[in-house]
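The next block is protein.tsv, given as TSV, C-alpha atoms.
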```
chain	number	residue	atom	x	y	z
X	571	MET	CA	-113.47	39.13	123.42
X	572	LEU	CA	-116.07	40.81	121.31
X	573	HIS	CA	-114.92	44.24	122.47
X	574	ARG	CA	-111.34	43.41	121.58
X	575	LEU	CA	-112.37	42.29	118.08
X	576	LEU	CA	-114.35	45.49	117.49
X	577	ARG	CA	-111.35	47.59	118.59
X	578	VAL	CA	-109.10	45.78	116.08
X	579	LEU	CA	-111.58	46.32	113.25
X	580	MET	CA	-111.97	50.05	114.05
X	581	THR	CA	-108.18	50.54	114.20
X	582	THR	CA	-107.73	48.87	110.79
X	583	ALA	CA	-110.50	50.99	109.24
X	584	CYS	CA	-108.97	54.23	110.50
X	585	ALA	CA	-105.58	53.27	109.10
X	586	LEU	CA	-107.10	52.65	105.70
X	587	VAL	CA	-108.84	56.04	105.72
X	588	LEU	CA	-105.71	57.98	106.71
X	589	VAL	CA	-103.37	56.44	104.09
X	590	PRO	CA	-103.30	58.85	101.07
X	591	GLN	CA	-104.22	57.17	97.84
X	592	ALA	CA	-102.60	58.34	94.55
X	593	PRO	CA	-105.18	58.93	91.85
X	594	ALA	CA	-105.17	56.29	89.16
X	595	SER	CA	-104.82	58.89	86.43
X	596	ALA	CA	-101.85	60.75	87.98
X	597	ALA	CA	-99.48	59.57	85.28
X	598	ALA	CA	-101.90	60.68	82.57
X	599	LYS	CA	-102.07	64.19	84.00
X	600	GLN	CA	-98.32	64.78	83.68
X	601	PRO	CA	-97.59	67.45	81.03
X	602	ALA	CA	-96.15	66.12	77.80
X	603	ALA	CA	-92.53	66.91	77.13
X	604	ALA	CA	-92.19	70.06	74.97
X	605	ALA	CA	-90.94	69.56	71.40
X	606	PRO	CA	-87.38	70.77	70.92
X	607	ALA	CA	-87.18	74.29	69.44
X	608	PRO	CA	-86.05	74.38	65.80
X	609	LYS	CA	-82.41	75.25	65.40
X	610	PRO	CA	-81.76	78.63	63.78
X	611	ARG	CA	-80.70	78.39	60.15
X	612	VAL	CA	-76.97	78.85	59.81
X	613	ASP	CA	-75.60	80.63	56.73
X	614	ALA	CA	-72.37	78.78	56.13
X	615	ASN	CA	-71.15	81.39	53.63
X	616	LEU	CA	-71.55	84.35	55.99
X	617	ILE	CA	-68.28	85.50	57.52
X	618	GLU	CA	-69.23	88.86	59.03
X	619	ALA	CA	-72.08	91.40	58.91
X	620	SER	CA	-72.52	95.06	59.77
X	621	GLY	CA	-75.12	94.07	62.38
X	622	PRO	CA	-78.44	92.24	62.75
X	623	LYS	CA	-80.19	91.95	59.38
X	624	PRO	CA	-82.88	94.70	59.22
X	625	ALA	CA	-86.41	93.97	58.03
X	626	TRP	CA	-86.13	96.07	54.86
X	627	VAL	CA	-83.34	93.82	53.58
X	628	SER	CA	-85.78	90.89	53.48
X	629	GLN	CA	-88.64	92.83	51.85
X	630	ASP	CA	-90.16	91.03	48.87
X	631	ASN	CA	-90.15	94.17	46.73
X	632	ASP	CA	-87.21	96.41	45.87
X	633	PHE	CA	-89.46	99.48	46.13
X	634	TYR	CA	-92.51	100.25	48.21
X	635	LEU	CA	-94.61	103.14	49.56
X	636	GLN	CA	-94.77	103.77	53.29
X	637	GLU	CA	-95.98	106.80	55.25
X	638	GLY	CA	-95.76	109.22	52.34
X	639	LYS	CA	-92.32	108.11	51.17
X	640	ARG	CA	-91.27	105.87	48.31
X	641	TYR	CA	-88.41	103.54	49.26
X	642	PHE	CA	-85.98	101.92	46.85
X	643	ARG	CA	-83.56	99.15	47.74
X	644	SER	CA	-80.41	98.34	45.81
X	645	VAL	CA	-78.32	95.19	46.24
X	646	LEU	CA	-74.79	94.76	44.91
X	647	ASP	CA	-73.05	91.43	45.20
X	648	LYS	CA	-69.40	90.35	44.95
X	649	GLN	CA	-67.89	93.71	45.85
X	650	ASP	CA	-64.18	93.64	46.68
X	651	ASP	CA	-64.04	97.10	48.27
X	652	LEU	CA	-66.61	97.99	50.93
X	653	GLN	CA	-66.44	101.78	50.54
X	654	LEU	CA	-66.61	101.74	46.75
X	655	GLY	CA	-69.37	99.17	46.89
X	656	MET	CA	-71.42	101.33	49.27
X	657	GLU	CA	-71.13	104.30	46.93
X	658	ALA	CA	-72.05	102.19	43.91
X	659	ALA	CA	-75.08	100.71	45.69
X	660	LYS	CA	-76.30	104.18	46.66
X	661	ALA	CA	-75.89	105.44	43.09
X	662	SER	CA	-77.74	102.35	41.81
X	663	ALA	CA	-80.66	102.89	44.18
X	664	MET	CA	-80.97	106.55	43.17
X	665	ALA	CA	-80.84	105.58	39.50
X	666	ASP	CA	-83.71	103.17	40.22
X	667	VAL	CA	-85.78	106.11	41.46
X	668	ARG	CA	-85.29	107.92	38.14
X	669	LYS	CA	-85.87	104.74	36.17
X	670	SER	CA	-89.20	104.18	37.92
X	671	ILE	CA	-90.34	107.68	36.98
X	672	VAL	CA	-89.35	107.14	33.34
X	673	THR	CA	-91.18	103.79	33.34
X	674	THR	CA	-94.34	105.43	34.64
X	675	VAL	CA	-94.16	108.15	32.00
X	676	ALA	CA	-93.67	105.49	29.31
X	677	ALA	CA	-96.81	103.72	30.53
X	678	GLU	CA	-98.74	107.00	30.36
X	679	PHE	CA	-97.65	107.56	26.78
X	680	GLY	CA	-98.69	104.01	25.94
X	681	GLN	CA	-102.21	104.72	27.22
X	682	ILE	CA	-102.39	107.94	25.20
X	683	ARG	CA	-101.37	106.08	22.07
X	684	GLU	CA	-104.01	103.41	22.62
X	685	THR	CA	-106.78	105.97	22.97
X	686	GLY	CA	-105.71	107.69	19.76
X	687	SER	CA	-104.84	104.62	17.70
X	688	ASN	CA	-107.77	105.21	15.32
X	689	ASN	CA	-106.11	108.38	14.09
X	690	ALA	CA	-104.24	107.38	10.92
X	691	LYS	CA	-101.97	110.41	11.05
X	692	GLU	CA	-100.97	109.61	14.62
X	693	ALA	CA	-100.50	105.91	13.86
X	694	ASN	CA	-98.06	106.73	11.05
X	695	ALA	CA	-96.35	109.58	12.86
X	696	VAL	CA	-93.35	107.45	13.80
X	697	ASP	CA	-92.17	107.66	10.20
X	698	ALA	CA	-92.86	111.38	9.85
X	699	PRO	CA	-89.63	113.48	9.65
X	700	GLU	CA	-90.88	116.07	12.13
X	701	TYR	CA	-90.99	113.41	14.86
X	702	GLN	CA	-87.49	112.00	14.33
X	703	ASN	CA	-85.83	114.70	16.45
X	704	LEU	CA	-86.62	112.81	19.65
X	705	THR	CA	-83.54	110.70	20.41
X	706	ARG	CA	-82.77	108.21	23.13
X	707	SER	CA	-80.15	110.52	24.54
X	708	GLN	CA	-82.72	113.33	24.85
X	709	VAL	CA	-85.11	111.12	26.77
X	710	ALA	CA	-82.27	109.84	28.95
X	711	THR	CA	-81.25	113.43	29.61
X	712	VAL	CA	-84.76	114.22	30.84
X	713	ALA	CA	-84.63	111.26	33.20
X	714	ARG	CA	-81.22	112.12	34.63
X	715	ALA	CA	-81.85	115.86	34.89
X	716	MET	CA	-85.00	115.56	36.99
X	717	GLN	CA	-84.85	117.60	40.18
X	718	LEU	CA	-85.50	115.27	43.10
X	719	PRO	CA	-85.07	117.24	46.32
X	720	GLY	CA	-85.51	115.15	49.42
X	721	MET	CA	-84.09	111.98	47.89
X	722	GLN	CA	-81.71	110.53	50.45
X	723	GLN	CA	-80.10	107.38	51.76
X	724	GLU	CA	-82.04	105.94	54.68
X	725	ALA	CA	-79.97	102.93	55.68
X	726	SER	CA	-77.33	100.44	54.62
X	727	TYR	CA	-76.33	96.91	55.50
X	728	TRP	CA	-73.48	94.70	54.35
X	729	GLU	CA	-72.27	91.15	54.66
X	730	LEU	CA	-68.82	89.72	54.06
X	731	ARG	CA	-69.36	86.35	52.41
X	732	LYS	CA	-67.38	83.42	51.09
X	733	ALA	CA	-67.10	83.57	47.33
X	734	LYS	CA	-65.02	82.37	44.41
X	735	ASP	CA	-62.75	84.46	42.22
X	736	ALA	CA	-62.52	84.33	38.43
X	737	ASN	CA	-60.31	81.24	38.68
X	738	GLY	CA	-62.71	79.40	40.94
X	739	GLU	CA	-60.48	79.85	43.97
X	740	ALA	CA	-61.90	80.54	47.42
X	741	ALA	CA	-62.24	84.26	48.14
X	742	GLU	CA	-64.21	86.79	50.16
X	743	ALA	CA	-66.55	89.49	48.84
X	744	TYR	CA	-69.12	91.96	50.15
X	745	ARG	CA	-72.85	91.91	49.54
X	746	ILE	CA	-74.15	95.44	50.06
X	747	TYR	CA	-77.71	96.67	50.57
X	748	VAL	CA	-78.68	100.36	50.42
X	749	LEU	CA	-82.12	101.87	51.04
X	750	VAL	CA	-82.97	105.32	49.67
X	751	SER	CA	-86.22	107.25	49.90
X	752	ILE	CA	-87.98	110.15	48.25
X	753	PRO	CA	-91.18	111.92	49.33
X	754	GLU	CA	-94.00	110.60	47.17
X	755	LYS	CA	-95.20	114.16	46.42
X	756	ILE	CA	-91.78	115.03	45.01
X	757	ARG	CA	-91.73	111.87	42.92
X	758	LEU	CA	-95.15	112.61	41.43
X	759	LYS	CA	-94.14	116.19	40.69
X	760	ALA	CA	-90.98	115.00	38.91
X	761	GLN	CA	-93.07	112.53	36.95
X	762	ALA	CA	-95.34	115.31	35.70
X	763	GLN	CA	-92.34	117.48	34.77
X	764	ALA	CA	-90.72	114.61	32.87
X	765	GLN	CA	-93.90	113.98	30.92
X	766	LYS	CA	-94.16	117.67	29.99
X	767	ALA	CA	-90.56	117.77	28.84
X	768	ILE	CA	-91.00	114.71	26.66
X	769	GLU	CA	-94.28	115.97	25.25
X	770	GLY	CA	-92.41	119.11	24.23
X	771	MET	CA	-89.96	117.04	22.19
X	772	THR	CA	-92.59	115.35	20.05
X	773	LYS	CA	-96.24	115.64	19.19
X	774	ASP	CA	-96.59	111.91	18.84
X	775	ALA	CA	-97.17	109.91	22.00
X	776	GLY	CA	-96.39	106.60	20.31
X	777	ALA	CA	-92.94	107.68	19.15
X	778	ALA	CA	-92.15	109.00	22.61
X	779	ARG	CA	-93.18	105.72	24.19
X	780	GLU	CA	-90.92	103.67	21.90
X	781	LYS	CA	-87.97	105.94	22.67
X	782	LEU	CA	-88.72	105.71	26.37
X	783	GLN	CA	-88.86	101.93	26.28
X	784	ASN	CA	-85.42	101.82	24.67
X	785	THR	CA	-84.08	104.24	27.24
X	786	ILE	CA	-85.41	102.11	30.09
X	787	GLU	CA	-83.58	99.11	28.69
X	788	GLU	CA	-80.37	101.11	28.42
X	789	MET	CA	-80.63	102.33	32.02
X	790	LYS	CA	-80.91	98.81	33.45
```
Represent the supplied structure as C-alpha coordinates.
Amino acid sequence: MLHRLLRVLMTTACALVLVPQAPASAAAKQPAAAAPAPKPRVDANLIEASGPKPAWVSQDNDFYLQEGKRYFRSVLDKQDDLQLGMEAAKASAMADVRKSIVTTVAAEFGQIRETGSNNAKEANAVDAPEYQNLTRSQVATVARAMQLPGMQQEASYWELRKAKDANGEAAEAYRIYVLVSIPEKIRLKAQAQAQKAIEGMTKDAGAAREKLQNTIEEMK
(Lines of atoms letter the chains of each structure in order from A and count residues from 1; the text may use other names and numbers.)
(Lines give C-alpha, C1' and ligand atoms only; values in the text may rest on other atoms or scores of the structure.)
Protein backbone atom coordinates (compact mmCIF):
# COMPACT_ATOMS: atom_id res chain seq x y z
CA MET A 1 0.00 0.00 0.00
CA LEU A 2 2.73 2.40 0.90
CA HIS A 3 4.61 1.60 -2.30
CA ARG A 4 1.51 2.23 -4.36
CA LEU A 5 0.98 5.62 -2.69
CA LEU A 6 4.58 6.66 -3.34
CA ARG A 7 4.24 5.68 -7.01
CA VAL A 8 1.12 7.86 -7.36
CA LEU A 9 2.85 10.84 -5.75
CA MET A 10 5.94 10.49 -8.00
CA THR A 11 3.79 10.24 -11.14
CA THR A 12 1.87 13.40 -10.21
CA ALA A 13 5.10 15.31 -9.50
CA CYS A 14 6.60 14.36 -12.85
CA ALA A 15 3.46 15.50 -14.67
CA LEU A 16 3.63 18.86 -12.98
CA VAL A 17 7.29 19.31 -13.95
CA LEU A 18 6.73 18.42 -17.61
CA VAL A 19 3.74 20.73 -18.20
CA PRO A 20 5.11 24.01 -19.74
CA GLN A 21 4.13 27.06 -17.78
CA ALA A 22 3.52 30.39 -19.62
CA PRO A 23 5.37 33.25 -17.98
CA ALA A 24 3.12 35.61 -16.10
CA SER A 25 4.48 38.61 -17.97
CA ALA A 26 4.04 37.15 -21.49
CA ALA A 27 1.28 39.59 -22.34
CA ALA A 28 3.40 42.52 -21.16
CA LYS A 29 6.25 41.51 -23.46
CA GLN A 30 4.14 41.72 -26.62
CA PRO A 31 5.31 44.63 -28.82
CA ALA A 32 2.99 47.62 -28.86
CA ALA A 33 1.08 48.22 -32.04
CA ALA A 34 2.92 50.72 -34.31
CA ALA A 35 1.30 54.14 -34.74
CA PRO A 36 -0.24 54.61 -38.17
CA ALA A 37 2.04 56.46 -40.60
CA PRO A 38 0.93 60.04 -41.34
CA LYS A 39 -0.91 60.38 -44.60
CA PRO A 40 0.95 62.35 -47.27
CA ARG A 41 -0.35 65.87 -47.73
CA VAL A 42 -2.55 66.10 -50.80
CA ASP A 43 -2.51 69.30 -52.87
CA ALA A 44 -6.10 69.54 -54.00
CA ASN A 45 -5.28 72.27 -56.54
CA LEU A 46 -2.57 70.29 -58.33
CA ILE A 47 -3.74 68.76 -61.59
CA GLU A 48 -0.46 67.69 -63.20
CA ALA A 49 3.30 68.23 -62.78
CA SER A 50 6.37 67.82 -64.94
CA GLY A 51 7.69 65.22 -62.47
CA PRO A 52 8.61 64.79 -58.80
CA LYS A 53 9.18 68.17 -57.15
CA PRO A 54 12.98 68.77 -56.98
CA ALA A 55 14.66 70.02 -53.82
CA TRP A 56 15.66 73.40 -55.30
CA VAL A 57 11.99 74.29 -55.81
CA SER A 58 11.46 74.16 -52.03
CA GLN A 59 14.61 76.13 -51.13
CA ASP A 60 13.96 78.94 -48.66
CA ASN A 61 16.01 81.43 -50.68
CA ASP A 62 15.60 82.41 -54.31
CA PHE A 63 19.39 82.61 -54.71
CA TYR A 64 22.24 80.76 -53.06
CA LEU A 65 25.91 79.85 -53.49
CA GLN A 66 26.91 76.22 -53.96
CA GLU A 67 30.17 74.68 -55.17
CA GLY A 68 31.46 77.84 -56.83
CA LYS A 69 28.21 78.72 -58.59
CA ARG A 70 25.54 81.26 -57.74
CA TYR A 71 22.03 79.92 -58.35
CA PHE A 72 18.93 82.02 -58.96
CA ARG A 73 15.38 80.70 -58.94
CA SER A 74 12.46 82.39 -60.65
CA VAL A 75 8.80 81.51 -60.12
CA LEU A 76 5.97 82.63 -62.39
CA ASP A 77 2.39 81.88 -61.46
CA LYS A 78 -0.88 81.84 -63.44
CA GLN A 79 0.69 81.27 -66.85
CA ASP A 80 -1.75 80.27 -69.59
CA ASP A 81 0.89 79.09 -72.08
CA LEU A 82 3.56 76.66 -70.89
CA GLN A 83 6.18 77.48 -73.53
CA LEU A 84 5.83 81.24 -73.21
CA GLY A 85 5.81 80.93 -69.45
CA MET A 86 9.04 78.91 -69.48
CA GLU A 87 10.76 81.56 -71.58
CA ALA A 88 9.48 84.36 -69.35
CA ALA A 89 10.62 82.55 -66.19
CA LYS A 90 14.10 82.04 -67.64
CA ALA A 91 14.34 85.71 -68.63
CA SER A 92 13.16 86.71 -65.14
CA ALA A 93 15.79 84.55 -63.44
CA MET A 94 18.56 85.98 -65.61
CA ALA A 95 17.34 89.51 -64.89
CA ASP A 96 17.57 88.64 -61.19
CA VAL A 97 21.26 87.84 -61.67
CA ARG A 98 21.88 91.32 -63.09
CA LYS A 99 19.70 92.93 -60.44
CA SER A 100 21.72 91.28 -57.68
CA ILE A 101 24.95 92.67 -59.13
CA VAL A 102 23.47 96.18 -59.35
CA THR A 103 22.23 95.87 -55.75
CA THR A 104 25.70 94.90 -54.55
CA VAL A 105 27.28 97.84 -56.39
CA ALA A 106 24.69 100.17 -54.85
CA ALA A 107 25.62 98.90 -51.40
CA GLU A 108 29.31 99.53 -52.14
CA PHE A 109 28.57 103.10 -53.17
CA GLY A 110 26.57 103.56 -49.99
CA GLN A 111 29.59 102.53 -47.90
CA ILE A 112 31.84 104.92 -49.83
CA ARG A 113 29.44 107.76 -49.21
CA GLU A 114 29.31 107.03 -45.49
CA THR A 115 33.08 107.10 -45.16
CA GLY A 116 33.26 110.43 -46.96
CA SER A 117 30.18 112.08 -45.46
CA ASN A 118 32.30 114.65 -43.58
CA ASN A 119 33.38 116.16 -46.87
CA ALA A 120 31.03 119.10 -47.44
CA LYS A 121 31.75 119.23 -51.17
CA GLU A 122 30.90 115.55 -51.53
CA ALA A 123 27.79 115.85 -49.37
CA ASN A 124 26.43 118.63 -51.61
CA ALA A 125 27.59 117.08 -54.87
CA VAL A 126 24.13 115.78 -55.71
CA ASP A 127 23.08 119.32 -56.56
CA ALA A 128 26.24 120.13 -58.52
CA PRO A 129 25.59 120.43 -62.32
CA GLU A 130 28.62 118.32 -63.23
CA TYR A 131 27.05 115.30 -61.50
CA GLN A 132 23.61 115.52 -63.12
CA ASN A 133 24.73 113.65 -66.25
CA LEU A 134 24.23 110.29 -64.55
CA THR A 135 20.71 109.16 -65.46
CA ARG A 136 18.69 106.14 -64.48
CA SER A 137 18.79 104.89 -68.04
CA GLN A 138 22.60 105.02 -68.02
CA VAL A 139 22.81 102.97 -64.86
CA ALA A 140 20.21 100.53 -66.20
CA THR A 141 22.25 100.24 -69.40
CA VAL A 142 25.31 99.27 -67.37
CA ALA A 143 23.32 96.58 -65.59
CA ARG A 144 21.84 95.11 -68.77
CA ALA A 145 25.04 95.31 -70.81
CA MET A 146 27.16 93.33 -68.37
CA GLN A 147 28.93 90.40 -69.99
CA LEU A 148 27.99 87.26 -68.07
CA PRO A 149 29.51 84.27 -69.86
CA GLY A 150 28.63 80.97 -68.27
CA MET A 151 25.18 82.06 -67.14
CA GLN A 152 22.82 79.25 -68.05
CA GLN A 153 19.58 77.51 -67.20
CA GLU A 154 20.15 74.54 -64.92
CA ALA A 155 16.67 73.11 -64.49
CA SER A 156 12.96 73.76 -64.74
CA TYR A 157 9.79 72.43 -63.16
CA TRP A 158 6.13 73.19 -63.74
CA GLU A 159 2.75 72.43 -62.28
CA LEU A 160 -0.68 72.70 -63.86
CA ARG A 161 -2.98 73.98 -61.13
CA LYS A 162 -6.61 74.86 -60.58
CA ALA A 163 -7.12 78.60 -60.72
CA LYS A 164 -9.73 81.26 -61.33
CA ASP A 165 -9.96 83.58 -64.32
CA ALA A 166 -10.65 87.31 -64.23
CA ASN A 167 -14.36 86.62 -63.82
CA GLY A 168 -13.85 84.26 -60.91
CA GLU A 169 -14.66 81.22 -62.99
CA ALA A 170 -12.81 77.93 -62.56
CA ALA A 171 -9.77 77.66 -64.83
CA GLU A 172 -6.36 76.04 -65.15
CA ALA A 173 -2.96 77.75 -65.16
CA TYR A 174 0.72 76.85 -64.95
CA ARG A 175 3.11 77.62 -62.12
CA ILE A 176 6.63 77.56 -63.55
CA TYR A 177 9.98 77.36 -61.75
CA VAL A 178 13.31 77.97 -63.49
CA LEU A 179 16.79 77.69 -61.98
CA VAL A 180 19.75 79.48 -63.59
CA SER A 181 23.36 79.62 -62.48
CA ILE A 182 26.48 81.67 -63.04
CA PRO A 183 30.04 80.94 -61.90
CA GLU A 184 30.71 83.06 -58.83
CA LYS A 185 34.04 84.26 -60.28
CA ILE A 186 32.23 85.61 -63.34
CA ARG A 187 29.63 87.32 -61.17
CA LEU A 188 32.29 89.03 -59.06
CA LYS A 189 34.16 90.14 -62.18
CA ALA A 190 30.98 91.63 -63.64
CA GLN A 191 30.33 93.38 -60.36
CA ALA A 192 33.75 95.04 -60.47
CA GLN A 193 33.22 96.08 -64.10
CA ALA A 194 29.82 97.56 -63.30
CA GLN A 195 31.26 99.56 -60.44
CA LYS A 196 34.03 100.92 -62.67
CA ALA A 197 31.57 101.92 -65.35
CA ILE A 198 29.36 103.75 -62.88
CA GLU A 199 32.33 105.44 -61.23
CA GLY A 200 33.26 106.72 -64.67
CA MET A 201 29.87 108.40 -65.02
CA THR A 202 30.14 110.45 -61.84
CA LYS A 203 32.70 111.50 -59.27
CA ASP A 204 30.15 111.43 -56.51
CA ALA A 205 29.43 108.09 -54.88
CA GLY A 206 26.29 109.35 -53.17
CA ALA A 207 24.64 110.47 -56.40
CA ALA A 208 25.48 107.16 -58.03
CA ARG A 209 23.94 105.26 -55.13
CA GLU A 210 20.66 107.19 -55.35
CA LYS A 211 20.43 106.56 -59.09
CA LEU A 212 21.20 102.90 -58.54
CA GLN A 213 18.50 102.55 -55.91
CA ASN A 214 15.94 103.99 -58.31
CA THR A 215 17.11 101.66 -61.04
CA ILE A 216 16.77 98.65 -58.76
CA GLU A 217 13.17 99.61 -58.05
CA GLU A 218 12.47 99.97 -61.76
CA MET A 219 13.96 96.55 -62.54
CA LYS A 220 11.72 94.73 -60.04
Tell me, as a PyMOL selection string, which residues lie within 8 Å of Glu724 of chain X, counting only C-alpha atoms; anything in the same chain fewer than 5 positions away does not count. chain X and resi 748-751
Tell me which protein, DNA and RNA residues are within 12 Å of segment 635-641 of chain X, counting only C-alpha atoms, leaving out same-chain ones fewer than 3 positions away, and put them as a ChimeraX atom specification. /X:626-627,629,631-632,644,663-664,666-668,670-671,720-725,748-758
Here is a test: counting only C-alpha atoms, which residue of X:Ile746, X:Ala736, X:Val675, X:Ala760 is nearest to Gln717 of chain X? X:Ala760
Would you compute the distance between atom CA of Val612 of chain X and atom CA of Phe633 of chain X? Give it in Å to one decimal.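 Atom CA of Val612 of chain X sits 27.7 Å away from atom CA of Phe633 of chain X.
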Grab the atom CA of Glu618 of chain X to atom CA of Ala741 of chain X distance for me, in Å with one decimal place. 13.7 Å
